[in-house]
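Working notes for the structure below.
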Amino acid sequence: MKLTVAKTAKEQKDFLRFRRSIYSGNKRYIDDNYFMLCEIFSAKLNFNKSIKYYPVNVMSDEGGVLCQGVIVYAPRLPGYVQLCFFESLPHAEEAVKMLCDIVCEYGRRLGCRKLVVGLNGHVNYGLGLQASHFDERNSFSSPGNPMYYPGYFRKAGFDEIRLNSYLTDPLEDPLSKYANIIKRLEKNYSFRKFDLRRFDEDSKIYTDLNNLCFSEHPYYYKREYEDDKEMLKELFMFMKEDSIIYAYREDEPVGFIMWYPDFNELAARGESFGTVHFFRNKLKAGKIKTAKVMEYGVLEKYRGRGLPMGLINSAYQIIKRRGFTRVETSWIMEDNEDSNSFCRATCGGLYKRYSVFEKDI
């Protein structure tokens, strides 16, 4: 076996071809990360400036790809070296071990303490490998991978950090019993949607709130304004202004929630999500029945006052008016008891599980 680095445009095209071979025709998965990888390989993203990255393949002696990933080091997350966008053939334990050993050696040279698998450069671009419900389609921006992927890292002795998601199905009125709390919140806070007419200003509010609300998350690191402007411009090709809602205390933005339709309901199974889905979304958006609650955050000094209830209520009212019948949450770290308790109370039952894998180096 040998390791190759995909440096040229042709080599990166071949790198993506292996990825497509894993998912193409697989009726259980939709590849949401293909488009992101194309963006990274274009080297046009502001995000590229904040990371060092190397797409690598482990090749068999016969010349075929056995496994691959993108080695990422983000100086703003100095303790970790990342193995991102991992893909592999089945029964490739030795190749996966070789890949992990090489990533660890690279991380040691940079002074990193841990290798993390399942973090795709930044938590805003993906966290976790799918660890349950392998017989179901993955929703937009949620991991979808073959069942055997987590086993590679469990057998290799990695620490497993578990993530939960929640599902409300059918969406009726899960917040009705909190009506008095919500009334009080609406007296003390105002809620408004993102305003595309002031895109730069509102995207800065989004970045500032993320940086303040998630500063203690183990995998989060500070975003620059340009990073989120790039991300939000692409998302707003699909989602509407009411997909981001800000909470204000007088004139101060103190919290936010982001949700959007599950665009994967418009994608064919085994397909890579891409530009064609922009047009499908324009023509068939009404066919989507699942809404994804992606993230919410509240400034530390306003926590413990029920504000997440006001944010989720604002989102649910829009989601119901738009005709969605199910709500799925994004990942929540299993040890985040506050968020898990909140979701158990307001977002239905436990649903899919995901895993991040760590190893001391």
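Here's how to read the names in the structure tokens: chain A, B, ... by the order shown, residue numbers from 1 in each chain, ligand numbers from 1 in the order shown.
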Go through segment 122-185 of chain A residue by residue and, counting only C-alpha atoms, keep those with an atom at most 10 Å from segment 251-275 of chain A; for each kept residue give the shortest atom pair and its distance in Å to one decimal, ordered by chain and increasing number, as JSON lines.
{"residue": "A:Arg137", "atom": "CA", "partner": "A:Arg269", "partner_atom": "CA", "distance": 7.5}
{"residue": "A:Asn138", "atom": "CA", "partner": "A:Asn264", "partner_atom": "CA", "distance": 7.6}
{"residue": "A:Ser139", "atom": "CA", "partner": "A:Asn264", "partner_atom": "CA", "distance": 5.7}
{"residue": "A:Phe140", "atom": "CA", "partner": "A:Asn264", "partner_atom": "CA", "distance": 5.1}
{"residue": "A:Ser141", "atom": "CA", "partner": "A:Asp262", "partner_atom": "CA", "distance": 8.5}
{"residue": "A:Ser142", "atom": "CA", "partner": "A:Asp262", "partner_atom": "CA", "distance": 9.9}
Same residues, N, CA and C atoms, saved as a PDB file, in the first residue's frame:
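The new file selection24.pdb reads:
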ATOM      1  N   ARG A 137     -32.840   7.391   4.571  1.00  0.00           N
ATOM      2  CA  ARG A 137     -32.147   8.460   3.855  1.00  0.00           C
ATOM      3  C   ARG A 137     -31.620   9.484   4.852  1.00  0.00           C
ATOM      4  N   ASN A 138     -30.414   9.977   4.621  1.00  0.00           N
ATOM      5  CA  ASN A 138     -29.889  11.055   5.462  1.00  0.00           C
ATOM      6  C   ASN A 138     -30.518  12.379   5.053  1.00  0.00           C
ATOM      7  N   SER A 139     -30.857  13.198   6.034  1.00  0.00           N
ATOM      8  CA  SER A 139     -31.430  14.513   5.751  1.00  0.00           C
ATOM      9  C   SER A 139     -30.325  15.499   5.405  1.00  0.00           C
ATOM     10  N   PHE A 140     -30.720  16.626   4.824  1.00  0.00           N
ATOM     11  CA  PHE A 140     -29.751  17.604   4.322  1.00  0.00           C
ATOM     12  C   PHE A 140     -28.831  18.076   5.438  1.00  0.00           C
ATOM     13  N   SER A 141     -27.539  18.046   5.162  1.00  0.00           N
ATOM     14  CA  SER A 141     -26.455  18.492   6.039  1.00  0.00           C
ATOM     15  C   SER A 141     -26.184  17.538   7.202  1.00  0.00           C
ATOM     16  N   SER A 142     -26.879  16.403   7.241  1.00  0.00           N
ATOM     17  CA  SER A 142     -26.591  15.398   8.261  1.00  0.00           C
ATOM     18  C   SER A 142     -25.721  14.298   7.658  1.00  0.00           C
TER      19      SER A 142
END
Open item on the list: If you run DSSP on the backbone here, which positions in segment 193-239 of chain A get alpha helix (DSSP H)? Please write them as a list of chain:residue names.
Closed with: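 Of segment 193-239 of chain A, only A:Phe199, A:Asp200, A:Glu201, A:Asp202, A:Ser203, A:Lys204, A:Ile205, A:Tyr206, A:Thr207, A:Asp208, A:Leu209, A:Asn210, A:Asn211, A:Leu212, A:Cys213, A:Tyr225, A:Glu226, A:Asp227, A:Asp228, A:Lys229, A:Glu230, A:Met231, A:Leu232, A:Lys233, A:Glu234, A:Leu235 fall in alpha helix (DSSP H).
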- [ ] Grab the atom CA of Glu328 of chain A to atom CA of Pro218 of chain A distance for me, in Å with one decimal place.
- [x]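 Straight-line distance from atom CA of Glu328 of chain A to atom CA of Pro218 of chain A works out to 23.5 Å.
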Task: Interatomic distance, atom CA of Arg303 of chain A to atom CA of Tyr221 of chain A (Å, one decimal) - done: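 Interatomic distance, atom CA of Arg303 of chain A to atom CA of Tyr221 of chain A: 20.9 Å.
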Task: Counting only C-alpha atoms, the option among A:Lys97, A:His122, A:Arg109, A:Arg162 closest to Arg353 of chain A - done: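 Using only C-alpha atoms, Arg353 of chain A sits closest to A:Arg162.
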